[in-house]
Amino acid sequence: MNAITVADLTKRFGDFVAVDRLTFAVGQGEVFGFLGSNGAGKSTTIRMLCGLLRPTGGTATVGGIDVGSDPEGVKRRIGYMSQRFSLYERLTVDQNIRFFGGIYGLDRARLEARRRFVLEMAGLSGRENVHAADLAGGWRQRLALGCAILHQPPIVFLDEPTGGVDPLSRREFWSLIDHLSASGVTVLVTTHYLDEAEHCHRVAIIHGGRLAAMGTTDELKRVFADRTIVEVQAANPVETMRLLDRTPEVEKTSVFGTSVHAVLAGGAREAMPLLRQRLEAAGIVVTSMAVVQPSLEDVFLEVIEQREKVPA
Amino acid sequence: MRKTIAVARKEFRQIWRDTRTLMTLLFVPAFFLLLYGYALNFDIRHVGLGVDDRDRTAESRALIAAFVNSGYFDLVASIDGTIAGPDRLRTGSIRRLLSQPPTIDRLMNRNEVRAVLVIPPGLGRALQTGKPIAVQVLLNGDNANTATTVMGYAVTIVRSESARYQPAALASSRAPLVSVEPRVWYNPALRSTLFLVPGLIAYIAMITAVVSTALSIVREKERGTMEQVRMAPLDAASFVVGKTVPYFVVSLLSAFVIIVVAMALFGMPMRGSWLLLLLALSLFLVGALGLGLLISSVAETQQVAFQAALLVSFLPTLMLSGFIFPIASMPRFLQLVTYAVPARYFLIALRGIVLKGAGLQAYGTELVALTAFALVVMALASLRLGRQWA
């Protein structure tokens with residue numbers, strides 16, 4: 001059975017449609033990523049799935065319970081952690097854990113066992129009496145996750161959990177998520193960081209409240225199946241882009257750091273030497289030029305672009 | 001139940017940890033009381049008195065002495081040029097240099113005197129012969145309240161002085177005089193502090209209760225912890241009760257601190273039952289907490305909440321409760337508004353308990369009104385908060 005089933009889920013705020021007929025399912029133990037720019041409807045969807053917002057239309061079942069009819073039942077079966085690390089900063093690590101254990105209704109024995117587990121998991125043993133405000137970002141984030149799973153929920157929602165955290169802490173955090181998933185916990189996570197999406201079993205790209213694409217990262221990359229992506233390193237990326245855009249073989253370009261990705265239409269691989277010639281003729285020094293695998297960022301940009309071309 | 005306790009325990013810990021809030025709740029009220037208690041004093045003393053004695057007899061000097069000895073007047077100037085009082089010596093010498101004798105006009109203009117006693121020639125003779133005679137009291141009326149009070153002092157003094165000469169007049173067999181002998185109950189010395197302290201208690205308790213509850217909930221909204229808590233299987237009632245109880249306890253403590261300070265420093269009596277006081281105070285505080293909750297359901301930022309809390313608690317409690325301005329002398333419209341101000345009822349009950357030691361029947365209606373206010377506000381607040389919660 002699926003842990004989360006969503007069918008035609010819709011949320012309207014007045015005239016504004018925040019979430020538009022979303023349909024997807026998440027299997028048990030799956031790590032499901034939600035990608036989308038700000039305002040795409042990710043958080044609204046999560047809030048509906050958590051029983052915090054009532055859907056305007058469609059249905060959603062979480063842990064076998066209908067979100068619209070029994071939001072409280074849903075709340076008992078899920079853990080939620082948001083981008084804002086919603087801990088009480090004036091309370092200590094231990095007091096935070098006890099508070100969240102209390103509001104989830106854990107009894108004394110269970111709370112004690114879970115408290116030890118969370119301290120262990122978050123690497124906070126020995127820091128029980130530190131105030132949450134004095135913890136470094138990574139620790140705070142792991143404590144927040146710990147507080148969200150104190151009651152051992154089978155399904156966990158993470159709303160941009162790694163915002164503002166250093167790369168090392170992000171890596172450690174994702175290994176915690178992998179552990180959770182391995183123990184059968186379903187994780188639905190939203191993120192800005194496209195590299196993080198690679199950790200997910202499956203990814204959904206949301207744009208304008210709609211599902212723009214969904215699948216494993218490999219499946220998503222097939223949007224480029226018959227095309228080639230060439231990465232060009234050159235002294236002047238802006239000038240490089242302008243020139244490439246005027247070349248008929250190049251479908252589109254985008255900047256990736258100091259390099260330029262050019263998408264070549266099907267069968268245009270042979271055009272590469274020609275491109276280099278043209279760039280060099282224009283006085284641009286090309287450091288390197290190579291065919292690369294599409295990254296998730298390429299996919300994301302492509303999917304969004306396609307969506308915007310065909311307004312439904 | 002366990003969840004409510006968890007919320008309450010957390011709130012206590014936060015208050016305890018947040019020394020600033022704790023201080024604000026417990027000690028600032030007592031400090032306020034000191035400040036207001038000493039500053040808000042409607043008794044008028046040390047009124048600057050000028051004297052123009054045109055009689056210069058033993059009787060006229062006795063009348064002046066009666067003014068000075070009353071404790072309300074300080075003899076500051078004699079209009080005929082004899083200067084009294086250390087301060088006047090200095091300015092007096094300058095004045096002599098300018099060879100201008102102080103006139104009533106100048107003294108009044110410079111606020112050196114607020115009252116001038118003019119004794120006509122022949123006072124002594126008139127008193128000895130039992131003939132009626134009038135003395136003149138000139139008052140500075142720029143502050144009408146003060147002038148009225150000072151006039152009251154002057155009339156009383158003159159009357160009691162003239163009474164000393166009455167037996168002589170009575171001896172000449174006149175009709176018996178009817179005299180009023182006023183006695184003020186509950187506050188025999190008519191000290192305005194005794195009247196004001198209960199008002200201050202209401203005022204301070206109201207502000208701390210409303211402000212602290214409103215801020216504590218809006219803070220959770222601002223920080224995002226509210227959303228986190230809403231994700232838990234916790235109903236709005238457990239959350240609200242858990243959050244309110246600590247502030248109720250702290251406000252109650254704070255109110256008792258104020259009362260004890262008022263008793264120790266201002267000699268406020270405690271004539272009634274402590275239990276009834278606790279009852280009245282609790283009812284009043286529940287209403288105030290409800291008001292705080294109601295504000296927190298409207299306000300999204302702490303700043304807005306603070307402003308709103310001040311507006312609904314500070315002004316009405318100060319202006320419309322009968323704390324300073326008597327309700328009976330307000331315009332009809334404002335009188336109607338005061339019915340919605342809980343402090344109005346609480347003040348009657350509080351003064352009844354503390355100053356009069358009256359029983360329940362004296363302020364039963366007021367307690368019912370307080371209960372009604374608390375119920376209505378709490379119901380409104382839970383309705384609004386509950387809707388936001390779900």
# chains A, B, ... in the order shown; residues from 1 in each chain; ligands from 1
$ residues_around --residues "Leu320 (chain B)" --least-positions-apart "3" --cutoff "6 Å" --atoms "only C-alpha atoms" --output "number ranges by chain"
B: 316-317, 338
$ interface_residues --of "chain B" --to "chain A" --cutoff "10 Å" --atoms "only C-alpha atoms" --output "PyMOL selection string"
chain B and resi 1-11+13-18+220+223-235+238-239+388-390
$ residues_around --residues "Ala205 (chain B)" --least-positions-apart "6" --cutoff "12 Å" --atoms "only C-alpha atoms" --output "MDAnalysis selection string"
chainID B and resid 24:30 32:33 198:199 211:212 247:259 281:289 313:314 317 342:343 346:347
$ write_last_selection --atoms "N, CA and C atoms" --output "short mmCIF file (atom, residue, chain, number, x, y, z; two decimals), in the first residue's frame"
data_model
loop_
_atom_site.label_atom_id
_atom_site.label_comp_id
_atom_site.auth_asym_id
_atom_site.auth_seq_id
_atom_site.Cartn_x
_atom_site.Cartn_y
_atom_site.Cartn_z
N THR B 24 9.57 42.02 34.38
CA THR B 24 8.47 42.87 33.97
C THR B 24 7.20 42.46 34.69
N LEU B 25 7.01 41.15 34.80
CA LEU B 25 5.77 40.67 35.37
C LEU B 25 5.72 40.84 36.88
N LEU B 26 6.84 40.62 37.55
CA LEU B 26 6.79 40.60 39.01
C LEU B 26 7.15 41.92 39.67
N PHE B 27 8.19 42.58 39.16
CA PHE B 27 8.69 43.72 39.92
C PHE B 27 8.31 45.07 39.34
N VAL B 28 8.20 45.14 38.05
CA VAL B 28 7.79 46.42 37.46
C VAL B 28 6.45 46.89 38.04
N PRO B 29 5.47 45.97 38.22
CA PRO B 29 4.22 46.42 38.83
C PRO B 29 4.42 47.08 40.19
N ALA B 30 5.25 46.45 41.03
CA ALA B 30 5.49 47.02 42.35
C ALA B 30 6.18 48.38 42.23
N PHE B 32 5.92 50.42 39.68
CA PHE B 32 4.84 51.30 39.21
C PHE B 32 4.05 51.84 40.38
N LEU B 33 3.75 50.93 41.28
CA LEU B 33 2.94 51.29 42.43
C LEU B 33 3.65 52.38 43.22
N PRO B 198 -6.18 50.73 45.17
CA PRO B 198 -6.95 49.64 44.54
C PRO B 198 -7.04 49.83 43.03
N GLY B 199 -7.18 51.07 42.60
CA GLY B 199 -7.21 51.33 41.17
C GLY B 199 -5.91 50.94 40.50
N VAL B 211 -0.97 42.08 28.28
CA VAL B 211 0.23 42.19 27.45
C VAL B 211 1.00 40.88 27.41
N SER B 212 1.21 40.26 28.56
CA SER B 212 2.06 39.07 28.55
C SER B 212 1.41 37.91 27.80
N TYR B 247 0.63 32.22 32.98
CA TYR B 247 0.49 33.67 33.09
C TYR B 247 -0.53 34.05 34.15
N PHE B 248 -1.52 33.19 34.32
CA PHE B 248 -2.49 33.41 35.38
C PHE B 248 -1.77 33.37 36.73
N VAL B 249 -0.97 32.33 36.92
CA VAL B 249 -0.26 32.18 38.20
C VAL B 249 0.67 33.37 38.44
N VAL B 250 1.43 33.73 37.40
CA VAL B 250 2.39 34.82 37.58
C VAL B 250 1.65 36.15 37.83
N SER B 251 0.57 36.39 37.11
CA SER B 251 -0.18 37.63 37.31
C SER B 251 -0.77 37.70 38.71
N LEU B 252 -1.24 36.55 39.18
CA LEU B 252 -1.82 36.49 40.52
C LEU B 252 -0.74 36.83 41.56
N LEU B 253 0.42 36.21 41.39
CA LEU B 253 1.55 36.48 42.29
C LEU B 253 1.87 37.97 42.27
N SER B 254 1.94 38.50 41.06
CA SER B 254 2.28 39.89 40.89
C SER B 254 1.26 40.79 41.59
N ALA B 255 -0.02 40.45 41.46
CA ALA B 255 -1.07 41.24 42.10
C ALA B 255 -0.90 41.21 43.62
N PHE B 256 -0.54 40.05 44.15
CA PHE B 256 -0.37 39.97 45.60
C PHE B 256 0.86 40.74 46.06
N VAL B 257 1.89 40.73 45.24
CA VAL B 257 3.06 41.55 45.57
C VAL B 257 2.64 43.01 45.68
N ILE B 258 1.82 43.47 44.72
CA ILE B 258 1.38 44.86 44.75
C ILE B 258 0.58 45.14 46.02
N ILE B 259 -0.30 44.21 46.35
CA ILE B 259 -1.16 44.44 47.52
C ILE B 259 -0.32 44.52 48.79
N LEU B 281 -10.05 38.75 42.29
CA LEU B 281 -8.84 38.91 41.50
C LEU B 281 -8.78 37.87 40.39
N SER B 282 -9.13 36.61 40.73
CA SER B 282 -9.07 35.54 39.75
C SER B 282 -10.04 35.81 38.60
N LEU B 283 -11.25 36.20 38.95
CA LEU B 283 -12.24 36.47 37.91
C LEU B 283 -11.74 37.58 36.99
N PHE B 284 -11.20 38.62 37.62
CA PHE B 284 -10.69 39.76 36.85
C PHE B 284 -9.55 39.33 35.93
N LEU B 285 -8.64 38.51 36.48
CA LEU B 285 -7.48 38.09 35.69
C LEU B 285 -7.88 37.18 34.54
N VAL B 286 -8.85 36.30 34.78
CA VAL B 286 -9.28 35.42 33.68
C VAL B 286 -9.81 36.26 32.52
N GLY B 287 -10.58 37.30 32.86
CA GLY B 287 -11.06 38.20 31.81
C GLY B 287 -9.92 38.87 31.08
N ALA B 288 -8.93 39.31 31.86
CA ALA B 288 -7.78 39.99 31.25
C ALA B 288 -7.00 39.04 30.34
N LEU B 289 -6.80 37.80 30.81
CA LEU B 289 -6.09 36.82 29.99
C LEU B 289 -6.87 36.54 28.71
N SER B 313 -6.29 47.74 27.23
CA SER B 313 -6.17 47.57 28.67
C SER B 313 -5.78 48.87 29.36
N PHE B 314 -4.82 49.57 28.79
CA PHE B 314 -4.25 50.74 29.43
C PHE B 314 -5.28 51.88 29.54
N THR B 317 -8.79 51.15 31.40
CA THR B 317 -8.63 50.93 32.83
C THR B 317 -8.26 52.23 33.54
N PRO B 342 -13.94 45.88 32.40
CA PRO B 342 -14.01 45.00 33.57
C PRO B 342 -13.47 45.65 34.84
N ALA B 343 -12.50 46.56 34.66
CA ALA B 343 -11.89 47.17 35.85
C ALA B 343 -12.94 47.94 36.65
N PHE B 346 -14.33 45.43 38.95
CA PHE B 346 -13.30 44.94 39.85
C PHE B 346 -12.96 45.98 40.91
N LEU B 347 -12.95 47.25 40.50
CA LEU B 347 -12.61 48.32 41.44
C LEU B 347 -13.62 48.40 42.58
#
$ atom_distance --atom1 "CA of Val31 (chain A)" --atom2 "CA of Asn2 (chain A)"
12.6 Å
$ select_by_dssp --residues "region 46-250 of chain A" --states "strand (DSSP E)" --output "VMD selection string"
chain A and resid 57 to 62 65 to 66 78 to 81 155 to 159 186 to 191 202 to 207 210 to 215 228 to 234 250
$ atom_distance --atom1 "CA of Met121 (chain A)" --atom2 "CA of Leu176 (chain A)"
8.0 Å
$ closest_residue --among "B:Val240, B:Val354, B:Ala305, B:Val150" --to "Met270 (chain B)" --atoms "only C-alpha atoms"
B:Val354
$ residues_around --residues "region 162-174 of chain A" --least-positions-apart "3" --cutoff "6 Å" --atoms "only C-alpha atoms" --output "PyMOL selection string"
chain A and resi 137-138+177
$ write_last_selection --atoms "C-alpha atoms" --output "mmCIF file, in the first residue's frame"
data_model
loop_
_atom_site.group_PDB
_atom_site.id
_atom_site.type_symbol
_atom_site.label_atom_id
_atom_site.label_comp_id
_atom_site.auth_asym_id
_atom_site.auth_seq_id
_atom_site.Cartn_x
_atom_site.Cartn_y
_atom_site.Cartn_z
ATOM 1 C CA GLY A 137 23.005 25.173 12.636
ATOM 2 C CA GLY A 138 23.686 21.533 11.856
ATOM 3 C CA ILE A 177 17.288 10.534 6.064
#
$ residues_around --residues "Val298 (chain B)" --least-positions-apart "5" --cutoff "9 Å" --atoms "only C-alpha atoms" --output "JSON, numbers by chain"
{"B": [293, 305, 384, 385]}
$ write_last_selection --atoms "N, CA and C atoms" --output "PDB file, in the first residue's frame"
ATOM      1  N   LEU B 293      -5.688  36.807  24.884  1.00  0.00           N
ATOM      2  CA  LEU B 293      -5.824  35.742  23.888  1.00  0.00           C
ATOM      3  C   LEU B 293      -6.530  36.261  22.643  1.00  0.00           C
ATOM      4  N   ALA B 305       0.553  43.457  18.552  1.00  0.00           N
ATOM      5  CA  ALA B 305      -0.078  42.907  19.744  1.00  0.00           C
ATOM      6  C   ALA B 305       0.124  43.837  20.933  1.00  0.00           C
ATOM      7  N   ARG B 384     -12.086  32.161  17.920  1.00  0.00           N
ATOM      8  CA  ARG B 384     -11.161  32.683  16.905  1.00  0.00           C
ATOM      9  C   ARG B 384      -9.904  31.821  16.802  1.00  0.00           C
ATOM     10  N   LEU B 385      -9.328  31.504  17.968  1.00  0.00           N
ATOM     11  CA  LEU B 385      -8.099  30.714  17.963  1.00  0.00           C
ATOM     12  C   LEU B 385      -8.359  29.320  17.413  1.00  0.00           C
TER      13      LEU B 385
END
$ residues_around --residues "region 123-128 of chain B" --least-positions-apart "2" --cutoff "12 Å" --atoms "only C-alpha atoms" --output "count of residues only"
31
$ closest_residue --among "A:Ala204, A:Met1, A:Leu143, A:Leu158" --to "Val187 (chain A)" --atoms "only C-alpha atoms"
A:Leu158
